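Structure below is my_file-v3.cif: mmCIF, C-alpha atoms.
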data_entry
#
loop_
_atom_site.label_atom_id
_atom_site.label_comp_id
_atom_site.auth_asym_id
_atom_site.auth_seq_id
_atom_site.Cartn_x
_atom_site.Cartn_y
_atom_site.Cartn_z
CA MET A 4 54.91 -43.53 58.71
CA SER A 5 54.13 -43.79 55.02
CA LEU A 6 51.89 -46.77 54.39
CA SER A 7 52.98 -48.98 51.50
CA GLN A 8 50.17 -49.57 49.03
CA THR A 9 51.32 -52.52 47.01
CA VAL A 10 54.78 -53.89 47.81
CA PRO A 11 55.15 -55.88 51.04
CA PRO A 12 58.45 -55.38 52.88
CA ALA A 13 60.80 -58.33 52.92
CA ASP A 14 60.67 -58.41 56.71
CA PRO A 15 58.58 -55.53 58.09
CA ALA A 16 59.46 -56.24 61.72
CA ALA A 17 63.18 -56.82 61.21
CA ASP A 18 64.16 -53.30 62.26
CA ALA A 19 61.62 -53.21 65.08
CA ARG A 20 63.00 -55.95 67.27
CA PRO A 21 64.30 -55.06 70.73
CA ALA A 22 67.88 -55.91 71.62
CA ALA A 23 66.67 -58.59 74.01
CA ALA A 24 64.00 -59.86 71.66
CA THR A 25 61.86 -62.82 72.51
CA SER A 26 61.15 -65.46 69.90
CA SER A 27 57.69 -63.98 69.44
CA SER A 28 58.41 -60.33 68.67
CA SER A 29 56.48 -60.16 65.39
CA VAL A 30 52.73 -60.40 64.95
CA THR A 31 52.99 -63.46 62.75
CA SER A 32 55.16 -65.37 65.22
CA LEU A 33 52.88 -64.43 68.10
CA LEU A 34 49.83 -65.68 66.21
CA GLN A 35 51.72 -68.83 65.29
CA ASP A 36 52.26 -69.47 69.02
CA ILE A 37 48.49 -69.77 69.52
CA SER A 38 47.50 -71.22 66.15
CA THR A 39 46.55 -74.62 67.60
CA ILE A 40 44.52 -73.31 70.54
CA GLY A 41 40.77 -73.71 70.11
CA ARG A 42 40.79 -75.23 66.63
CA ASP A 43 37.31 -76.48 65.77
CA THR A 44 37.56 -79.71 63.79
CA SER A 45 33.82 -79.93 63.15
CA ARG A 46 33.02 -76.33 62.15
CA GLY A 47 36.44 -75.34 60.89
CA GLY A 48 38.26 -72.27 62.16
CA TYR A 49 38.36 -71.58 65.90
CA SER A 50 35.86 -71.83 68.74
CA ARG A 51 37.10 -69.94 71.79
CA PRO A 52 34.12 -68.99 73.97
CA VAL A 53 34.84 -67.03 77.12
CA PHE A 54 36.06 -69.14 80.07
CA SER A 55 36.50 -72.19 77.84
CA THR A 56 39.75 -74.11 78.09
CA ALA A 57 40.86 -72.50 74.83
CA GLU A 58 40.11 -68.95 75.94
CA MET A 59 41.75 -69.49 79.33
CA ASP A 60 44.84 -70.87 77.58
CA LEU A 61 44.94 -67.72 75.44
CA ARG A 62 44.60 -65.51 78.50
CA ASN A 63 47.49 -67.31 80.17
CA TRP A 64 49.52 -66.95 76.98
CA PHE A 65 48.95 -63.20 76.98
CA ILE A 66 49.87 -62.86 80.65
CA GLU A 67 53.10 -64.75 80.02
CA GLN A 68 53.94 -62.66 76.94
CA ALA A 69 53.23 -59.38 78.74
CA GLY A 70 55.43 -60.50 81.63
CA ARG A 71 58.29 -61.20 79.21
CA ARG A 72 58.11 -57.59 78.14
CA GLY A 73 58.31 -56.29 81.69
CA LEU A 74 54.71 -55.13 81.78
CA ASP A 75 52.82 -55.08 85.08
CA VAL A 76 49.91 -57.48 84.59
CA ALA A 77 46.71 -57.82 86.60
CA THR A 78 43.19 -59.16 86.00
CA ASP A 79 40.40 -56.98 87.38
CA HIS A 80 37.12 -58.08 88.94
CA ASN A 81 35.37 -57.93 85.53
CA GLY A 82 37.85 -60.38 84.03
CA ILE A 83 39.67 -57.71 81.99
CA ILE A 84 43.42 -58.23 81.81
CA TRP A 85 45.52 -55.06 82.08
CA ALA A 86 49.22 -55.01 81.16
CA TRP A 87 50.86 -51.70 82.11
CA TRP A 88 53.99 -50.04 80.76
CA ASP A 89 54.46 -47.31 83.34
CA THR A 90 56.27 -44.00 83.07
CA SER A 91 59.29 -43.31 85.23
CA ALA A 92 57.00 -41.44 87.62
CA GLY A 93 54.86 -44.54 87.99
CA THR A 94 51.60 -42.58 88.04
CA ARG A 95 48.73 -44.21 86.18
CA ARG A 96 46.53 -41.52 84.78
CA ASP A 97 45.65 -40.27 81.29
CA ALA A 98 46.92 -43.59 79.94
CA VAL A 99 47.09 -44.53 76.28
CA VAL A 100 45.35 -47.90 75.97
CA THR A 101 45.28 -50.45 73.19
CA GLY A 102 44.24 -54.12 72.96
CA SER A 103 41.26 -56.21 71.92
CA HIS A 104 39.81 -59.63 72.83
CA LEU A 105 40.70 -63.32 72.60
CA ASP A 106 37.28 -65.02 72.53
CA SER A 107 35.66 -65.98 69.23
CA VAL A 108 32.38 -66.83 67.61
CA PRO A 109 31.80 -70.56 66.97
CA GLY A 110 33.99 -71.59 64.06
CA GLY A 111 35.44 -68.11 63.74
CA GLY A 112 38.57 -66.87 62.01
CA GLU A 113 42.11 -66.68 63.30
CA TYR A 114 42.42 -62.90 63.48
CA ASP A 115 39.20 -61.47 64.94
CA GLY A 116 40.45 -60.32 68.34
CA PRO A 117 43.86 -62.01 68.60
CA LEU A 118 45.30 -59.80 65.83
CA GLY A 119 44.73 -56.72 68.00
CA VAL A 120 46.27 -58.37 71.07
CA ALA A 121 49.30 -59.71 69.20
CA SER A 122 49.79 -56.36 67.45
CA ALA A 123 49.75 -54.56 70.79
CA LEU A 124 52.52 -56.82 72.11
CA ALA A 125 54.50 -56.36 68.89
CA ALA A 126 54.02 -52.58 69.09
CA VAL A 127 55.58 -52.57 72.55
CA ASP A 128 58.56 -54.45 71.11
CA ILE A 129 58.84 -51.90 68.31
CA LEU A 130 58.73 -48.94 70.69
CA LYS A 131 61.34 -50.49 72.97
CA ALA A 132 63.55 -51.27 69.97
CA ARG A 133 63.42 -47.57 69.08
CA GLY A 134 64.78 -46.79 72.54
CA LEU A 135 61.63 -45.00 73.58
CA ARG A 136 59.95 -44.65 76.95
CA PRO A 137 56.43 -43.28 77.37
CA ARG A 138 55.68 -39.87 78.79
CA ARG A 139 52.16 -41.16 79.36
CA PRO A 140 51.57 -44.70 80.67
CA LEU A 141 50.62 -47.34 78.14
CA ALA A 142 48.25 -50.22 78.87
CA ILE A 143 47.22 -53.25 76.86
CA ALA A 144 43.70 -54.42 77.70
CA VAL A 145 42.22 -57.84 76.90
CA PHE A 146 38.44 -57.78 77.19
CA PRO A 147 36.41 -60.96 77.88
CA GLU A 148 33.25 -62.06 76.01
CA GLU A 149 33.52 -59.44 73.28
CA GLU A 150 31.67 -61.66 70.82
CA GLY A 151 28.89 -62.59 73.25
CA SER A 152 28.99 -66.11 71.82
CA ARG A 153 28.57 -67.83 75.20
CA PHE A 154 26.31 -65.59 77.28
CA GLY A 155 24.56 -63.62 74.54
CA VAL A 156 25.75 -60.11 75.42
CA ALA A 157 28.45 -58.68 73.17
CA CYS A 158 31.29 -56.69 74.78
CA LEU A 159 30.26 -57.98 78.19
CA GLY A 160 33.56 -57.07 79.89
CA SER A 161 33.65 -53.48 78.65
CA ARG A 162 29.92 -53.06 79.38
CA LEU A 163 30.50 -54.12 82.97
CA LEU A 164 33.54 -51.82 83.27
CA THR A 165 31.57 -48.79 82.10
CA GLY A 166 28.39 -49.57 84.03
CA GLN A 167 26.36 -50.20 80.87
CA LEU A 168 25.34 -53.67 82.04
CA ASP A 169 23.61 -54.31 85.35
CA PRO A 170 25.76 -56.71 87.43
CA ASP A 171 22.73 -58.69 88.60
CA LYS A 172 21.63 -59.21 85.01
CA ALA A 173 25.15 -60.27 84.08
CA ARG A 174 25.32 -62.78 86.91
CA ARG A 175 22.04 -64.36 85.76
CA LEU A 176 23.04 -64.71 82.11
CA LYS A 177 23.05 -68.34 80.98
CA ASP A 178 25.07 -70.15 78.33
CA PRO A 179 23.55 -72.78 76.00
CA ASP A 180 24.17 -75.46 78.65
CA GLY A 181 22.17 -73.53 81.24
CA ASP A 182 25.18 -72.50 83.32
CA THR A 183 25.05 -68.95 84.68
CA PHE A 184 27.77 -66.39 84.13
CA ALA A 185 28.21 -66.18 87.89
CA ASP A 186 28.84 -69.91 88.25
CA VAL A 187 31.18 -70.12 85.25
CA ALA A 188 33.13 -67.06 86.32
CA ALA A 189 33.51 -68.40 89.85
CA ALA A 190 34.74 -71.75 88.52
CA ASN A 191 37.47 -69.85 86.66
CA GLY A 192 38.78 -67.85 89.58
CA GLN A 193 36.65 -64.71 89.30
CA ASP A 194 34.46 -63.50 92.16
CA PRO A 195 31.08 -62.71 90.53
CA ARG A 196 30.02 -60.66 93.56
CA LEU A 197 32.55 -57.99 92.57
CA ILE A 198 31.65 -57.44 88.92
CA GLY A 199 30.32 -54.06 87.84
CA ALA A 200 31.23 -50.47 87.04
CA ASP A 201 34.86 -49.60 87.76
CA TYR A 202 35.14 -45.84 87.63
CA ARG A 203 38.51 -45.86 89.34
CA THR A 204 40.03 -47.73 86.39
CA LEU A 205 38.15 -45.57 83.89
CA GLN A 206 39.68 -42.47 85.48
CA GLN A 207 43.13 -43.84 84.68
CA LEU A 208 42.40 -44.10 80.96
CA GLY A 209 43.04 -41.25 78.55
CA VAL A 210 42.42 -42.71 75.09
CA PHE A 211 41.80 -46.16 73.61
CA VAL A 212 42.97 -47.31 70.18
CA GLU A 213 41.82 -50.78 69.12
CA LEU A 214 43.46 -52.52 66.17
CA HIS A 215 41.28 -55.10 64.42
CA VAL A 216 41.13 -57.14 61.26
CA GLU A 217 38.86 -55.38 58.78
CA GLN A 218 35.54 -57.18 58.48
CA GLY A 219 34.82 -56.20 54.90
CA ARG A 220 36.50 -55.24 51.62
CA GLY A 221 37.17 -51.53 52.09
CA LEU A 222 40.96 -51.82 52.20
CA VAL A 223 41.11 -54.42 49.45
CA ASP A 224 39.27 -52.10 47.10
CA LEU A 225 41.45 -49.14 48.15
CA ASN A 226 44.69 -51.18 47.90
CA GLN A 227 45.80 -50.06 51.37
CA PRO A 228 47.05 -52.15 54.32
CA VAL A 229 45.71 -50.05 57.23
CA ALA A 230 42.76 -47.71 57.77
CA VAL A 231 41.56 -45.41 60.54
CA GLY A 232 38.03 -46.09 61.81
CA SER A 233 35.32 -43.44 61.68
CA SER A 234 32.22 -45.07 63.18
CA ILE A 235 30.42 -48.28 64.16
CA LEU A 236 26.94 -49.01 62.87
CA GLY A 237 24.22 -49.21 65.49
CA HIS A 238 23.33 -52.80 66.21
CA GLY A 239 21.53 -55.04 68.66
CA ARG A 240 20.45 -58.57 69.43
CA TRP A 241 16.90 -59.73 70.00
CA LYS A 242 15.42 -63.07 71.02
CA LEU A 243 12.19 -64.13 69.34
CA SER A 244 10.28 -66.94 71.03
CA ILE A 245 7.54 -68.70 69.06
CA SER A 246 5.27 -70.87 71.21
CA GLY A 247 3.12 -73.69 69.81
CA GLN A 248 1.87 -77.12 70.85
CA GLY A 249 4.39 -79.89 71.33
CA ASN A 250 3.12 -83.22 70.09
CA HIS A 251 3.94 -86.58 68.52
CA ALA A 252 5.35 -86.38 64.98
CA GLY A 253 3.65 -89.60 63.90
CA THR A 254 0.19 -89.37 65.44
CA THR A 255 -0.65 -85.68 64.94
CA LEU A 256 -2.42 -84.92 61.67
CA MET A 257 -1.03 -82.02 59.67
CA ALA A 258 -4.32 -80.14 59.99
CA ASP A 259 -4.21 -80.43 63.78
CA ARG A 260 -0.75 -78.99 64.31
CA LYS A 261 0.37 -75.77 65.97
CA ASP A 262 3.96 -76.07 64.84
CA PRO A 263 6.28 -73.19 65.83
CA MET A 264 8.97 -74.51 63.49
CA ILE A 265 6.82 -73.75 60.45
CA ALA A 266 6.12 -70.28 61.81
CA ALA A 267 9.85 -69.82 62.46
CA ALA A 268 10.68 -70.72 58.88
CA LYS A 269 8.22 -68.16 57.53
CA ILE A 270 9.49 -65.53 59.95
CA MET A 271 13.13 -66.06 58.99
CA VAL A 272 12.39 -65.52 55.32
CA ASN A 273 10.35 -62.44 56.21
CA ILE A 274 13.21 -61.02 58.28
CA ARG A 275 15.43 -61.14 55.20
CA ASP A 276 12.74 -59.62 52.99
CA THR A 277 11.94 -56.89 55.50
CA ALA A 278 15.59 -55.89 55.92
CA ARG A 279 15.95 -55.55 52.15
CA LYS A 280 13.39 -52.75 52.23
CA TYR A 281 15.73 -50.57 54.31
CA ARG A 282 18.83 -49.32 52.52
CA ASP A 283 22.09 -50.26 54.31
CA ALA A 284 20.22 -52.46 56.81
CA ARG A 285 21.47 -55.85 57.95
CA ALA A 286 19.31 -58.45 59.69
CA THR A 287 20.51 -61.96 60.49
CA VAL A 288 19.10 -65.00 62.22
CA GLY A 289 22.28 -66.62 63.48
CA ARG A 290 20.89 -69.15 65.90
CA VAL A 291 17.74 -71.31 66.04
CA GLN A 292 16.84 -73.52 69.01
CA PRO A 293 13.78 -75.79 68.98
CA VAL A 294 12.41 -77.09 72.27
CA PRO A 295 12.68 -79.98 73.03
CA GLY A 296 14.58 -80.59 69.80
CA GLY A 297 13.73 -84.24 69.07
CA THR A 298 13.61 -85.54 65.51
CA ASN A 299 10.24 -87.23 66.04
CA VAL A 300 8.73 -84.42 68.11
CA ILE A 301 6.72 -81.39 67.05
CA ALA A 302 8.42 -78.55 68.90
CA SER A 303 6.57 -76.76 71.68
CA ARG A 304 8.71 -73.64 71.24
CA VAL A 305 11.32 -72.30 68.86
CA ASP A 306 13.72 -69.53 69.86
CA LEU A 307 15.44 -67.35 67.26
CA TRP A 308 18.28 -64.93 67.92
CA ILE A 309 18.27 -61.94 65.56
CA ASP A 310 21.09 -59.46 64.87
CA VAL A 311 19.96 -56.11 63.37
CA ARG A 312 22.23 -53.25 62.25
CA HIS A 313 21.91 -49.88 60.51
CA PRO A 314 23.81 -46.54 60.57
CA ASP A 315 20.64 -44.71 61.65
CA ASP A 316 19.34 -45.83 65.04
CA SER A 317 15.78 -44.81 64.17
CA VAL A 318 15.88 -47.14 61.17
CA THR A 319 17.15 -49.96 63.38
CA ALA A 320 14.19 -49.39 65.71
CA ALA A 321 11.71 -49.30 62.82
CA LEU A 322 13.13 -52.48 61.32
CA VAL A 323 12.95 -54.34 64.62
CA GLU A 324 9.37 -53.16 65.16
CA ALA A 325 8.40 -54.43 61.70
CA ILE A 326 10.08 -57.78 62.38
CA GLY A 327 8.16 -58.15 65.64
CA LEU A 328 4.76 -57.28 64.15
CA ASN A 329 5.27 -59.56 61.15
CA ALA A 330 6.37 -62.37 63.46
CA GLN A 331 3.09 -62.18 65.35
CA VAL A 332 1.14 -62.45 62.08
CA PHE A 333 3.08 -65.45 60.79
CA ALA A 334 2.90 -67.15 64.19
CA ALA A 335 -0.88 -66.64 64.37
CA GLU A 336 -1.28 -68.24 60.94
CA GLU A 337 0.10 -71.46 62.47
CA GLY A 338 -1.90 -71.17 65.70
CA CYS A 339 1.18 -70.01 67.60
CA GLY A 340 2.23 -66.98 69.60
CA ALA A 341 5.37 -64.84 69.32
CA SER A 342 7.24 -62.57 71.72
CA LEU A 343 10.29 -60.43 70.97
CA THR A 344 12.72 -59.30 73.67
CA MET A 345 15.88 -57.20 73.38
CA GLU A 346 19.09 -58.74 74.72
CA SER A 347 21.51 -55.93 73.87
CA LEU A 348 21.55 -52.67 71.93
CA SER A 349 24.48 -50.46 70.91
CA PRO A 350 23.63 -47.16 69.21
CA THR A 351 25.70 -45.91 66.29
CA VAL A 352 29.10 -44.75 67.56
CA HIS A 353 31.10 -41.97 65.92
CA PHE A 354 34.68 -42.16 67.13
CA ASP A 355 36.23 -39.06 68.68
CA GLY A 356 36.94 -36.59 65.88
CA GLY A 357 40.06 -35.11 67.44
CA LEU A 358 41.61 -38.51 68.07
CA ARG A 359 40.69 -39.68 64.56
CA ASP A 360 42.33 -36.60 63.03
CA ARG A 361 45.45 -37.12 65.17
CA LEU A 362 45.75 -40.69 63.91
CA LYS A 363 45.41 -39.45 60.33
CA GLU A 364 48.36 -37.11 60.99
CA LEU A 365 50.42 -39.92 62.48
CA LEU A 366 49.52 -42.35 59.68
CA PRO A 367 49.64 -40.30 56.46
CA GLY A 368 47.92 -42.03 53.58
CA ALA A 369 45.66 -44.19 55.73
CA PRO A 370 42.05 -44.01 54.53
CA VAL A 371 39.11 -43.55 56.90
CA LEU A 372 36.46 -46.29 56.98
CA ASP A 373 33.39 -47.12 59.03
CA THR A 374 32.44 -50.64 60.15
CA GLY A 375 29.30 -52.66 60.62
CA ALA A 376 30.87 -54.75 63.38
CA GLY A 377 30.68 -53.97 67.09
CA HIS A 378 33.81 -53.57 69.22
CA ASP A 379 34.85 -52.72 72.78
CA ALA A 380 36.08 -49.38 71.41
CA GLY A 381 32.44 -48.56 70.72
CA VAL A 382 31.42 -49.26 74.30
CA LEU A 383 34.29 -47.26 75.79
CA ALA A 384 33.54 -44.32 73.47
CA SER A 385 30.90 -42.98 75.86
CA HIS A 386 33.56 -42.51 78.56
CA ILE A 387 36.89 -41.75 76.86
CA PRO A 388 38.05 -40.79 73.35
CA THR A 389 38.37 -43.98 71.30
CA ALA A 390 39.56 -44.88 67.82
CA MET A 391 40.22 -47.94 65.70
CA LEU A 392 42.75 -49.14 63.16
CA PHE A 393 41.72 -51.77 60.62
CA VAL A 394 44.14 -54.15 58.91
CA ARG A 395 43.43 -55.39 55.39
CA ASN A 396 41.56 -58.67 54.98
CA PRO A 397 42.00 -59.81 51.37
CA THR A 398 38.99 -62.13 51.50
CA GLY A 399 36.69 -59.50 53.00
CA ILE A 400 35.24 -62.37 55.08
CA SER A 401 35.08 -62.48 58.87
CA HIS A 402 33.48 -64.65 61.57
CA SER A 403 34.52 -67.53 59.32
CA PRO A 404 37.55 -69.76 58.73
CA ASP A 405 38.08 -67.83 55.47
CA GLU A 406 39.07 -64.70 57.38
CA LEU A 407 42.64 -63.75 56.42
CA VAL A 408 45.44 -61.27 57.03
CA GLU A 409 48.63 -61.53 55.00
CA ASP A 410 51.84 -61.58 57.04
CA TRP A 411 53.15 -58.29 55.64
CA ASP A 412 49.86 -56.54 56.38
CA ALA A 413 49.91 -57.86 59.94
CA GLU A 414 53.40 -56.41 60.44
CA ALA A 415 52.42 -53.13 58.75
CA GLY A 416 49.50 -52.92 61.18
CA ALA A 417 51.81 -53.38 64.18
CA VAL A 418 54.14 -50.64 62.92
CA ALA A 419 51.16 -48.35 62.33
CA LEU A 420 49.92 -49.05 65.85
CA ALA A 421 53.37 -48.36 67.28
CA ASP A 422 53.56 -45.05 65.40
CA ALA A 423 50.10 -44.11 66.66
CA LEU A 424 50.89 -45.03 70.26
CA ALA A 425 54.21 -43.16 70.20
CA GLY A 426 52.50 -40.02 68.96
CA LEU A 427 49.69 -40.28 71.50
CA MET A 428 52.12 -40.85 74.35
CA GLY A 429 53.64 -37.47 73.64
CA GLU A 430 56.39 -38.65 71.34
CA ALA A 431 58.00 -40.88 73.93
CA ARG A 432 61.51 -39.83 74.94
CA ALA A 433 64.63 -41.86 74.33
CA ILE A 434 66.03 -43.95 77.19
CA GLY A 435 69.32 -42.73 78.62
#
Output the structure of this file as structure tokens.
Amino acid sequence: MSLSQTVPPADPAADARPAAATSSSSVTSLLQDISTIGRDTSRGGYSRPVFSTAEMDLRNWFIEQAGRRGLDVATDHNGIIWAWWDTSAGTRRDAVVTGSHLDSVPGGGEYDGPLGVASALAAVDILKARGLRPRRPLAIAVFPEEEGSRFGVACLGSRLLTGQLDPDKARRLKDPDGDTFADVAAANGQDPRLIGADYRTLQQLGVFVELHVEQGRGLVDLNQPVAVGSSILGHGRWKLSISGQGNHAGTTLMADRKDPMIAAAKIMVNIRDTARKYRDARATVGRVQPVPGGTNVIASRVDLWIDVRHPDDSVTAALVEAIGLNAQVFAAEEGCGASLTMESLSPTVHFDGGLRDRLKELLPGAPVLDTGAGHDAGVLASHIPTAMLFVRNPTGISHSPDELVEDWDAEAGAVALADALAGLMGEARAIG
């Protein structure tokens, strides 16, 4: 496939529709089907935390769409949905896998996750319209809790699958309402006793290619619709708890206070200033929770959740250490204490070089870009060759309602994914 640089096709999916096409055989129409699910009227954008009504509706939508395409669909004990397009032999090994996630951050964009799922469905339509049948089995995977927005651990489903997350720890994870992952999963039809490493499924997988909206301006600046991924910056999440003395806001003199909120404010500014000292570093306080949280109450504790990223894992570690030491100093100045604990850590991931080069052959003209965002492809990379395709985002903004993919770029991404999958499946043979 030759990727168009500037001129969008009049209807990029028109020649890729199967003879018995459904009404949702293009990426744009598939996304339109789910455009009302999980809309957040207060934040803007979409809020689709794992196991919420919105996310469950999306999961059911995917299962229905995969069934329309004749795929064999099942949900495993980690909550991952698998939709299989089997070979004529029916043997599931060395499979080519694609897919993404359906959950979102609070008030997130329309494309982060769902674009990859919708593109996978559209790619199947394109391949069937070409009269092709895979020599290797193809699977679409939908991973739960990729964003970690409910239980605090990003890529929870793929971490459980690969054994990178202890099942007991996962079962004890709590959401902001205090509900455990085990209880919420059980309430949604999953048996939490069965979660954990699934090496039998991993042995069926050959390669994984995840398509995702680009979360930056690389493709905009290069004037290209699709890129091949090279690496994911190392990143992690830490919880910083600042303990002070809860008290009455009206009766406690300013000189007598041990206010963790003041310490938290100083620490947040310092986190920004510290990160600026490290080239290419990113450090973000995305969530602040005072306890007990009353307007007329001096907090007894303030919890901060910090996201830190850098291409060099040693720099990430040094930055986090500096943040922790500085936090103790600023907390002590207010008569408070501070403790920093790691919630998750993903080292820098370099995608499989051979697979990356193969995708470059299959998609001539596609540039190669890295990303600062984490993905399930990064977690799976320690077990099977993985790769990513990024689709142009003209705003360069993600995790926000301003995230955008133009219709023609979405369709170009699906065609690129179909071309990649066809090549990886051994240049699927024609039916009949």
Selected by the PyMOL selection byres ((chain A and resi 249-261) around 9) in the shown coordinates: which residues, as an MDAnalysis selection string? chainID A and resid 246:248 262:263 265:266 294:295 298:304 337:339
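Atom CA of A:Asp373 is positioned 9.5 Å from atom CA of A:Ala230.
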Apply the PyMOL selection byres ((chain A and resi 324-330) around 8) to the structure shown and report the selected residues as a PyMOL selection string. chain A and resi 270+273-274+277+320-323+331-334+341-343
Considering only C-alpha atoms, tabulate each residue of stretch 194-218 of chain A that lies at most 10 Å from stretch 391-398 of chain A along with its nearest interatomic pair and the corresponding distance in Å to one decimal; arrange the rows by chain and ascending residue number and present them as a tab-separated table.
residue	atom	partner	partner_atom	distance
A:Phe211	CA	A:Met391	CA	8.3
A:Val212	CA	A:Met391	CA	5.3
A:Glu213	CA	A:Met391	CA	4.7
A:Leu214	CA	A:Leu392	CA	4.6
A:His215	CA	A:Phe393	CA	5.1
A:Val216	CA	A:Val394	CA	4.9
A:Glu217	CA	A:Phe393	CA	5.0
A:Gln218	CA	A:Asn396	CA	7.1
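Distances to A:Ala144 were evaluated for A:Tyr49, A:Tyr202, A:Tyr114, A:Phe65 using all atoms listed in the file, and the minimum falls at A:Phe65.
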Go ahead and compute the interatomic distance for atom CA of A:Asn191 and atom CA of A:Trp87, in Å to one decimal. 23.0 Å
Evaluate the PyMOL selection byres ((chain A and resi 101) around 9) and report residues as number ranges by chain: A: 99-100, 102-103, 119-120, 123, 141-145, 210-214, 420, 424
